[in-house]
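Q: First, the structure itself, so that you have it in front of you.
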Amino acid sequence: MTPQTASMAAGRRVGGHERGSARWRMVAALAVTQTVGYGVLYYAFAVVLQPMAATLHASTAVVTGALTCSVLAGAVMAVPVGRWLDRHGGRALMTTGSVLATVLVLAWSQIRTVAQLYLALIGVGLTAAMVLYEPALTVVVSWFPPRQRAKAVLAVIAVAGFASTIFMPLTGILLDRYGWRTALAVLAVVYGVVAVPLHALTVRTPPRAEEAAGRPRADRRRAVVRAAVRDRRFWWLAVAFVAHGAAMSAITVHLVGFLVHKGHPATFAATVAGLLGVLSVTGRLVLTGLHRRLPLHVLAAVVFTVQATAAAGLTVVAGSRIGAAAAVVAFGIGFGVASLVKPALLADRYGTTAYGTLAGVLATPITVAKAAAPLAAAGLIATGGYPAMLAAVGAACLLAAVGITARASTPTPVSDIHPTRAVETAGQLAAASD
């Protein structure tokens, strides 16, 4: 061990217990803010959609377009947010984003025209990119050594997986009692009271191991990004996550309609579709448990293939309640897998020096695909019926399985990334002793 890394390791051991507990307090806080954030900034929209459209005298399609614009606005912010996180950490960004998101949801509750709705939700989308999964997981990845990273990421996304389960019913209760404007205002206050202090007080910037190597961190970050974007493995991962994100988005929007089309009551269809949120947590837990025995990319490929089979099977077995439920369960196991797999694969291959930037580069096409997929699926349904849509979903899942395994055995681009990871690994070993 060099004198620099030895000094760094010794420094990390000072107050190690305090630092270790601070990391896990931050994970707990982010689990809470992600749950509330997704509940307020994303899932509440579906609940208030109909009464909001009635108030604005607009069609649900026009109003839903505001959500699409919100999601696309988040895609625009992905790369700038990632670069900021790599350079400055997450505290200021996530705290500021929480304050702005609170104000924008309050503004959303007071809109009077469709134009105002679009402006408010575009703002919500921009601020959501500052406070939801991408920045939260970047903060977590930057703090934890590889052997603890998957556990920390899982802790955040497993809890946040219940956002729809908690906040859609809560929003419905507020809507019934007070109307959609007051419901949104209450949710805005809840989000602000929870997220602003938690982000301000618990999100911390990790010690920079790379500074001890004597090379400016900005140079290291640029070198890692250059090496990654020249690495074919990176772009195969992009193919995998874009295809999978599109498939998940399409099935989320159209599953209820498909089950009703197959003759099931709307209540049954909605209940079965609601299993996706719970099953996403189950799938993440199972994947984490099996990761000790098999490589993560292999497990993900198996899950994606199961999903492809389930999508194809839906057209055959969904006529019965048992068949529909079984196929949805098989599909839902992989529903939240990408959120767990992507941080692990990126950080393990390219380190954490430029993780935020690389995650942002991937997030942009993934988010665009998620926004466009439901519309494309609707076009397939109109021309070829639900079997065409489900065939496309299955094909996308198979493409994701291919992409997640392609070039997985190729070495990391050592010339640019290895120096960073060597120092980073020394720091992580010291952190692991905290």
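Residue names in the structure tokens use chain letters A, B, ... in the order shown, residue numbers from 1 in each chain, and ligand numbers from 1 in the order shown.
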Go through stretch 78-163 of chain A and flag each residue having an atom no more than 7 Å from stretch 263-281 of chain A; for those, report the closest pair of atoms plus their distance in Å to one decimal, using only C-alpha atoms, ordered by chain and rising number, as a Markdown table.

A:
| residue | atom | partner | partner_atom | distance |
| --- | --- | --- | --- | --- |
| A:Ala158 | CA | A:Val281 | CA | 5.2 |
| A:Gly161 | CA | A:Val281 | CA | 5.8 |
| A:Phe162 | CA | A:Gly277 | CA | 6.6 |

Q: How about saving the chosen residues, N, CA, C and O atoms kept, as a PDB file, in the first residue's frame?

A:
ATOM      1  N   ALA A 158     -36.286  -1.055  -2.235  1.00  0.00           N
ATOM      2  CA  ALA A 158     -37.306  -1.963  -1.708  1.00  0.00           C
ATOM      3  C   ALA A 158     -38.380  -1.184  -0.961  1.00  0.00           C
ATOM      4  O   ALA A 158     -39.581  -1.436  -1.122  1.00  0.00           O
ATOM      5  N   GLY A 161     -40.444   0.903  -3.347  1.00  0.00           N
ATOM      6  CA  GLY A 161     -41.356   0.106  -4.152  1.00  0.00           C
ATOM      7  C   GLY A 161     -42.792   0.136  -3.665  1.00  0.00           C
ATOM      8  O   GLY A 161     -43.723  -0.195  -4.406  1.00  0.00           O
ATOM      9  N   PHE A 162     -42.985   0.561  -2.416  1.00  0.00           N
ATOM     10  CA  PHE A 162     -44.332   0.644  -1.857  1.00  0.00           C
ATOM     11  C   PHE A 162     -44.954   2.031  -2.026  1.00  0.00           C
ATOM     12  O   PHE A 162     -46.016   2.306  -1.462  1.00  0.00           O
TER      13      PHE A 162
END

Q: Considering only C-alpha atoms, tabulate each residue of stretch 164-198 of chain A that lies at most 7 Å from stretch 26-36 of chain A along with its nearest interatomic pair and the corresponding distance in Å to one decimal; arrange the rows by chain and ascending residue number and present them as a tab-separated table.

A:
residue	atom	partner	partner_atom	distance
A:Tyr191	CA	A:Val36	CA	6.2
A:Val194	CA	A:Thr33	CA	6.8
A:Ala195	CA	A:Thr33	CA	5.3
A:Leu198	CA	A:Ala29	CA	6.0

Q: Those selected residues, please, written with N, CA, C and O atoms and delivered as a tab-separated table (two decimals), in the first residue's frame.

A:
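Dumped to selection10.tsv:
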chain	number	residue	atom	x	y	z
A	191	TYR	N	-44.65	16.32	1.39
A	191	TYR	CA	-43.35	16.11	0.74
A	191	TYR	C	-42.31	17.08	1.27
A	191	TYR	O	-41.17	16.69	1.60
A	194	VAL	N	-41.13	16.33	4.84
A	194	VAL	CA	-40.32	15.12	4.94
A	194	VAL	C	-39.00	15.26	4.21
A	194	VAL	O	-37.92	14.99	4.77
A	195	ALA	N	-39.04	15.65	2.94
A	195	ALA	CA	-37.86	15.56	2.08
A	195	ALA	C	-36.83	16.65	2.33
A	195	ALA	O	-35.62	16.37	2.32
A	198	LEU	N	-34.68	15.99	5.55
A	198	LEU	CA	-33.91	14.75	5.43
A	198	LEU	C	-32.77	14.88	4.42
A	198	LEU	O	-31.65	14.40	4.66

Q: Given the choices A:Ser164, A:Thr127, A:Thr252, A:Gln110, which gets closest to A:Thr182 if the distance is worked out from only C-alpha atoms?

A: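 Checking each of A:Ser164, A:Thr127, A:Thr252, A:Gln110 against A:Thr182, counting only C-alpha atoms, the winner is A:Gln110.
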
Q: From the DSSP assignment of the backbone, select every residue of stretch 179-407 of chain A that is alpha helix (DSSP H), and format the answer as a PyMOL selection string.

A: chain A and resi 180-202+217-229+232-261+266-290+296-317+321-332+337-350+355-405

Q: Do you know which residues are at most 12 Å from A:Val303 counting only C-alpha atoms, after dropping those on the same chain fewer than 5 positions away, and could you put them as a PyMOL selection string?

A: chain A and resi 244+280+283-284+286-287+290+296-298+308-310+330-338+341+397-398+400-402+404

Q: Could you save those same residues with N, CA, C and O atoms as a short mmCIF file (atom, residue, chain, number, x, y, z; two decimals), in the first residue's frame?

A:
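Output (result.cif):
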data_model
loop_
_atom_site.label_atom_id
_atom_site.label_comp_id
_atom_site.auth_asym_id
_atom_site.auth_seq_id
_atom_site.Cartn_x
_atom_site.Cartn_y
_atom_site.Cartn_z
N HIS A 244 -35.86 -2.79 -21.70
CA HIS A 244 -36.62 -3.23 -20.52
C HIS A 244 -37.50 -2.11 -19.98
O HIS A 244 -38.66 -2.34 -19.61
N SER A 280 -42.47 -6.18 -7.54
CA SER A 280 -41.18 -5.56 -7.85
C SER A 280 -40.25 -5.63 -6.65
O SER A 280 -39.04 -5.86 -6.79
N GLY A 283 -39.09 -9.31 -6.32
CA GLY A 283 -38.05 -9.63 -7.28
C GLY A 283 -36.70 -9.09 -6.88
O GLY A 283 -35.67 -9.75 -7.04
N ARG A 284 -36.67 -7.88 -6.34
CA ARG A 284 -35.41 -7.29 -5.90
C ARG A 284 -34.79 -8.08 -4.76
O ARG A 284 -33.58 -8.31 -4.72
N VAL A 286 -35.31 -11.30 -4.05
CA VAL A 286 -34.86 -12.59 -4.55
C VAL A 286 -33.54 -12.44 -5.31
O VAL A 286 -32.61 -13.24 -5.13
N LEU A 287 -33.45 -11.43 -6.14
CA LEU A 287 -32.24 -11.23 -6.93
C LEU A 287 -31.04 -10.97 -6.03
O LEU A 287 -29.95 -11.50 -6.25
N LEU A 290 -29.91 -14.29 -4.42
CA LEU A 290 -29.26 -15.22 -5.35
C LEU A 290 -27.93 -14.70 -5.89
O LEU A 290 -27.14 -15.46 -6.45
N LEU A 296 -24.62 -11.24 -11.40
CA LEU A 296 -25.83 -10.42 -11.46
C LEU A 296 -26.39 -10.34 -12.87
O LEU A 296 -27.60 -10.38 -13.07
N HIS A 297 -25.52 -10.24 -13.86
CA HIS A 297 -26.02 -10.12 -15.24
C HIS A 297 -26.70 -11.41 -15.70
O HIS A 297 -27.66 -11.37 -16.47
N VAL A 298 -26.24 -12.54 -15.21
CA VAL A 298 -26.88 -13.81 -15.55
C VAL A 298 -28.27 -13.90 -14.92
O VAL A 298 -29.25 -14.29 -15.57
N ALA A 308 -40.36 -12.26 -20.69
CA ALA A 308 -40.73 -12.42 -22.11
C ALA A 308 -41.70 -13.58 -22.28
O ALA A 308 -42.70 -13.47 -23.01
N THR A 309 -41.43 -14.67 -21.58
CA THR A 309 -42.32 -15.83 -21.65
C THR A 309 -43.69 -15.50 -21.07
O THR A 309 -44.72 -15.90 -21.63
N ALA A 310 -43.70 -14.77 -19.96
CA ALA A 310 -44.98 -14.40 -19.33
C ALA A 310 -45.80 -13.48 -20.23
O ALA A 310 -47.02 -13.61 -20.32
N ALA A 330 -45.50 -13.85 -12.74
CA ALA A 330 -44.24 -14.18 -13.42
C ALA A 330 -43.62 -12.94 -14.05
O ALA A 330 -42.39 -12.74 -14.00
N PHE A 331 -44.45 -12.09 -14.62
CA PHE A 331 -43.94 -10.86 -15.23
C PHE A 331 -43.49 -9.87 -14.16
O PHE A 331 -42.45 -9.23 -14.28
N GLY A 332 -44.26 -9.78 -13.08
CA GLY A 332 -43.99 -8.77 -12.07
C GLY A 332 -42.73 -9.00 -11.27
O GLY A 332 -42.16 -8.05 -10.72
N ILE A 333 -42.23 -10.24 -11.21
CA ILE A 333 -41.01 -10.53 -10.47
C ILE A 333 -39.83 -9.71 -10.99
O ILE A 333 -38.93 -9.33 -10.25
N GLY A 334 -39.87 -9.42 -12.29
CA GLY A 334 -38.77 -8.63 -12.86
C GLY A 334 -39.06 -7.16 -12.99
O GLY A 334 -38.27 -6.42 -13.59
N PHE A 335 -40.16 -6.72 -12.41
CA PHE A 335 -40.62 -5.36 -12.65
C PHE A 335 -39.64 -4.30 -12.13
O PHE A 335 -39.45 -3.27 -12.76
N GLY A 336 -39.03 -4.54 -10.99
CA GLY A 336 -38.12 -3.54 -10.45
C GLY A 336 -36.66 -3.94 -10.48
O GLY A 336 -35.82 -3.32 -9.84
N VAL A 337 -36.34 -4.98 -11.26
CA VAL A 337 -34.99 -5.53 -11.26
C VAL A 337 -33.97 -4.52 -11.81
O VAL A 337 -32.86 -4.41 -11.30
N ALA A 338 -34.33 -3.80 -12.86
CA ALA A 338 -33.38 -2.88 -13.48
C ALA A 338 -32.88 -1.82 -12.50
O ALA A 338 -31.71 -1.41 -12.57
N VAL A 341 -30.13 -3.64 -10.65
CA VAL A 341 -29.02 -4.16 -11.46
C VAL A 341 -28.16 -3.04 -12.04
O VAL A 341 -26.93 -3.13 -12.05
N CYS A 397 -38.24 -7.58 -23.86
CA CYS A 397 -37.63 -8.28 -22.72
C CYS A 397 -36.52 -9.23 -23.17
O CYS A 397 -35.48 -9.33 -22.53
N LEU A 398 -36.74 -9.91 -24.29
CA LEU A 398 -35.69 -10.78 -24.83
C LEU A 398 -34.47 -9.96 -25.27
O LEU A 398 -33.32 -10.37 -25.05
N ALA A 400 -33.57 -7.19 -23.95
CA ALA A 400 -32.92 -6.80 -22.70
C ALA A 400 -32.04 -7.93 -22.17
O ALA A 400 -30.94 -7.70 -21.67
N ALA A 401 -32.52 -9.17 -22.28
CA ALA A 401 -31.73 -10.32 -21.83
C ALA A 401 -30.45 -10.45 -22.63
O ALA A 401 -29.37 -10.75 -22.08
N VAL A 402 -30.54 -10.23 -23.94
CA VAL A 402 -29.35 -10.28 -24.78
C VAL A 402 -28.39 -9.16 -24.42
O VAL A 402 -27.17 -9.37 -24.27
N ILE A 404 -28.03 -7.46 -21.66
CA ILE A 404 -27.45 -7.51 -20.31
C ILE A 404 -26.30 -8.50 -20.25
O ILE A 404 -25.42 -8.40 -19.38
#

Q: Nearest residue to A:Val131 out of A:Leu175, A:Gln116, A:His199, A:Trp143, using only C-alpha atoms?

A: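 With only C-alpha atoms as the atom set, the closest residue is A:His199.
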
Q: Kindly give the distance, in Å, that separates atom CA of A:Ala354 and atom CA of A:Gly125, rounded to a single decimal.

A: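 Calculated distance between atom CA of A:Ala354 and atom CA of A:Gly125 is 23.6 Å.
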
Q: Got a sec: who's within 12 Å of A:Thr171, counting only C-alpha atoms, leaving out chain neighbours fewer than 2 positions off, as a ChimeraX atom specification?

A: /A:36,39-49,163-169,173-188,190

Q: Tell me which protein, DNA and RNA residues are within 10 Å of A:Ala120, counting only C-alpha atoms, leaving out same-chain ones fewer than 5 positions away, and put them as a list in words.

A: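 The residues satisfying every condition are Ala66, Ser70, Ala101, Val103, Leu104, Val105, Leu106, Ala107, Trp108, Ser109, Gln110, Ile111, Val114, Ala115 and Gly125 of chain A.
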
Q: Residues of the last selection are to be written out with N, CA and C atoms, as an mmCIF file, in the first residue's frame.

A:
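New file again_34.cif:
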data_model
loop_
_atom_site.group_PDB
_atom_site.id
_atom_site.type_symbol
_atom_site.label_atom_id
_atom_site.label_comp_id
_atom_site.auth_asym_id
_atom_site.auth_seq_id
_atom_site.Cartn_x
_atom_site.Cartn_y
_atom_site.Cartn_z
ATOM 1 N N ALA A 66 -49.466 16.162 -20.267
ATOM 2 C CA ALA A 66 -48.647 16.934 -19.334
ATOM 3 C C ALA A 66 -47.704 16.032 -18.559
ATOM 4 N N SER A 70 -43.653 15.999 -18.486
ATOM 5 C CA SER A 70 -42.940 16.003 -17.214
ATOM 6 C C SER A 70 -41.829 14.962 -17.210
ATOM 7 N N ALA A 101 -39.616 21.339 -5.751
ATOM 8 C CA ALA A 101 -40.700 20.396 -6.026
ATOM 9 C C ALA A 101 -41.917 20.697 -5.158
ATOM 10 N N VAL A 103 -42.817 23.627 -3.955
ATOM 11 C CA VAL A 103 -43.447 24.838 -4.488
ATOM 12 C C VAL A 103 -44.218 24.529 -5.774
ATOM 13 N N LEU A 104 -43.654 23.694 -6.615
ATOM 14 C CA LEU A 104 -44.286 23.390 -7.904
ATOM 15 C C LEU A 104 -45.539 22.532 -7.744
ATOM 16 N N VAL A 105 -45.556 21.610 -6.781
ATOM 17 C CA VAL A 105 -46.782 20.852 -6.551
ATOM 18 C C VAL A 105 -47.866 21.765 -5.979
ATOM 19 N N LEU A 106 -47.476 22.694 -5.128
ATOM 20 C CA LEU A 106 -48.442 23.695 -4.653
ATOM 21 C C LEU A 106 -48.982 24.509 -5.823
ATOM 22 N N ALA A 107 -48.097 24.908 -6.740
ATOM 23 C CA ALA A 107 -48.546 25.646 -7.929
ATOM 24 C C ALA A 107 -49.464 24.786 -8.788
ATOM 25 N N TRP A 108 -49.148 23.508 -8.907
ATOM 26 C CA TRP A 108 -49.991 22.573 -9.647
ATOM 27 C C TRP A 108 -51.399 22.533 -9.063
ATOM 28 N N SER A 109 -51.507 22.598 -7.769
ATOM 29 C CA SER A 109 -52.827 22.540 -7.129
ATOM 30 C C SER A 109 -53.683 23.758 -7.437
ATOM 31 N N GLN A 110 -53.067 24.826 -7.941
ATOM 32 C CA GLN A 110 -53.801 26.066 -8.186
ATOM 33 C C GLN A 110 -53.965 26.409 -9.657
ATOM 34 N N ILE A 111 -53.577 25.500 -10.560
ATOM 35 C CA ILE A 111 -53.643 25.819 -11.985
ATOM 36 C C ILE A 111 -55.098 26.012 -12.433
ATOM 37 N N VAL A 114 -54.989 24.574 -19.048
ATOM 38 C CA VAL A 114 -54.145 23.458 -19.485
ATOM 39 C C VAL A 114 -52.696 23.910 -19.652
ATOM 40 N N ALA A 115 -52.497 25.118 -20.159
ATOM 41 C CA ALA A 115 -51.133 25.634 -20.329
ATOM 42 C C ALA A 115 -50.418 25.710 -18.985
ATOM 43 N N GLY A 125 -41.213 17.738 -13.351
ATOM 44 C CA GLY A 125 -40.310 16.770 -13.972
ATOM 45 C C GLY A 125 -38.852 17.167 -13.838
#

Q: Report as a list of chain:residue names all protein, DNA and RNA residues lying within 7 Å of stretch 363-370 of chain A, evaluated on only C-alpha atoms, omitting residues in the same chain fewer than 3 positions from it.

A: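 Result of the neighbour search: A:Val71, A:Leu72, A:Ala75, A:Val76, A:Ala78, A:Phe241, A:Val242, A:Gly245, A:Ala246, A:Ser249, A:Ala359, A:Gly360, A:Ala373.
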
Q: Could you save the residues just selected, with N, CA and C atoms, as a CSV table (one decimal), in the first residue's frame?

A:
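Output contents, as saved in again-v2.csv:
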chain,number,residue,atom,x,y,z
A,71,VAL,N,-42.2,13.8,-17.7
A,71,VAL,CA,-41.2,12.7,-17.7
A,71,VAL,C,-40.0,13.1,-18.7
A,72,LEU,N,-40.4,13.6,-19.8
A,72,LEU,CA,-39.3,14.0,-20.8
A,72,LEU,C,-38.5,15.2,-20.3
A,75,ALA,N,-35.8,13.7,-18.4
A,75,ALA,CA,-34.7,13.1,-19.2
A,75,ALA,C,-33.7,14.2,-19.6
A,76,VAL,N,-34.2,15.4,-19.9
A,76,VAL,CA,-33.3,16.5,-20.3
A,76,VAL,C,-32.3,16.8,-19.1
A,78,ALA,N,-31.1,14.7,-16.9
A,78,ALA,CA,-30.4,13.6,-16.4
A,78,ALA,C,-28.9,13.8,-16.4
A,241,PHE,N,-31.3,-1.8,-20.9
A,241,PHE,CA,-32.1,-1.0,-20.0
A,241,PHE,C,-33.2,-0.2,-20.7
A,242,VAL,N,-32.8,0.3,-21.9
A,242,VAL,CA,-33.8,1.0,-22.7
A,242,VAL,C,-35.0,0.1,-23.1
A,245,GLY,N,-37.0,-0.9,-19.9
A,245,GLY,CA,-37.8,0.2,-19.5
A,245,GLY,C,-39.0,0.5,-20.3
A,246,ALA,N,-38.8,0.4,-21.7
A,246,ALA,CA,-40.0,0.5,-22.6
A,246,ALA,C,-41.0,-0.6,-22.3
A,249,SER,N,-42.9,0.1,-19.0
A,249,SER,CA,-43.8,1.3,-19.1
A,249,SER,C,-45.1,0.9,-19.9
A,359,ALA,N,-24.5,7.3,-15.3
A,359,ALA,CA,-25.9,7.0,-15.0
A,359,ALA,C,-26.9,7.9,-15.7
A,360,GLY,N,-26.5,9.2,-15.7
A,360,GLY,CA,-27.3,10.2,-16.4
A,360,GLY,C,-27.3,10.0,-17.9
A,373,ALA,N,-43.1,4.7,-24.9
A,373,ALA,CA,-43.6,3.3,-25.1
A,373,ALA,C,-45.1,3.1,-25.0

Q: Any idea what's packed within 10 Å of A:Lys151, counting only C-alpha atoms, ignoring anything in its chain fewer than 5 positions away? Could you give it as a list of chain:residue names?

A: A:Phe144, A:Pro146, A:Val156, A:Leu285, A:Thr288, A:Gly289, A:Leu340

Q: Quick one: write out the picked residues with N, CA, C and O atoms as a short mmCIF file (atom, residue, chain, number, x, y, z; two decimals), in the first residue's frame?

A:
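New file result.cif:
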data_model
loop_
_atom_site.label_atom_id
_atom_site.label_comp_id
_atom_site.auth_asym_id
_atom_site.auth_seq_id
_atom_site.Cartn_x
_atom_site.Cartn_y
_atom_site.Cartn_z
N PHE A 144 -20.65 3.50 -0.62
CA PHE A 144 -20.52 2.13 -0.14
C PHE A 144 -19.52 1.33 -0.96
O PHE A 144 -19.47 1.44 -2.18
N PRO A 146 -18.08 -2.22 -2.68
CA PRO A 146 -18.85 -3.17 -3.48
C PRO A 146 -19.61 -4.21 -2.68
O PRO A 146 -20.75 -4.55 -3.02
N VAL A 156 -32.97 1.07 -0.28
CA VAL A 156 -33.68 2.26 -0.76
C VAL A 156 -34.83 1.86 -1.69
O VAL A 156 -35.98 2.29 -1.50
N LEU A 285 -35.64 -8.51 -3.82
CA LEU A 285 -35.14 -9.29 -2.70
C LEU A 285 -34.59 -10.64 -3.16
O LEU A 285 -33.52 -11.07 -2.71
N THR A 288 -31.23 -10.18 -4.99
CA THR A 288 -30.13 -9.89 -4.07
C THR A 288 -29.69 -11.16 -3.35
O THR A 288 -28.48 -11.40 -3.16
N GLY A 289 -30.64 -11.99 -2.95
CA GLY A 289 -30.29 -13.24 -2.27
C GLY A 289 -29.52 -14.20 -3.16
O GLY A 289 -28.55 -14.84 -2.72
N LEU A 340 -32.19 -2.16 -9.47
CA LEU A 340 -31.16 -2.76 -8.63
C LEU A 340 -29.92 -3.13 -9.45
O LEU A 340 -28.79 -2.95 -8.99
#

Q: Set out as a tab-separated table a contact list for stretch 219-254 of chain A and stretch 342-348 of chain A with a cut-off of 10 Å, giving each residue of stretch 219-254 of chain A that qualifies its closest atom pair and distance in Å to one decimal, counting only C-alpha atoms, ordered by chain and rising residue number.

A:
residue	atom	partner	partner_atom	distance
A:Ala228	CA	A:Leu346	CA	9.6
A:Phe234	CA	A:Leu346	CA	8.3
A:Leu237	CA	A:Lys342	CA	8.3
A:Ala238	CA	A:Lys342	CA	9.7
A:Ala240	CA	A:Lys342	CA	9.9
A:Phe241	CA	A:Lys342	CA	7.9

Q: Could you please determine the separation between atom CA of A:Leu117 and atom CA of A:Val81 in Å, to one decimal place?

A: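 A separation of 24.2 Å between them.
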
Q: Have a look at A:Val239, A:Ala326, A:Val139, A:Ala54 and name the one nearest to A:Gly89; count only C-alpha atoms.

A: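 Using only C-alpha atoms, A:Gly89 sits closest to A:Val139.
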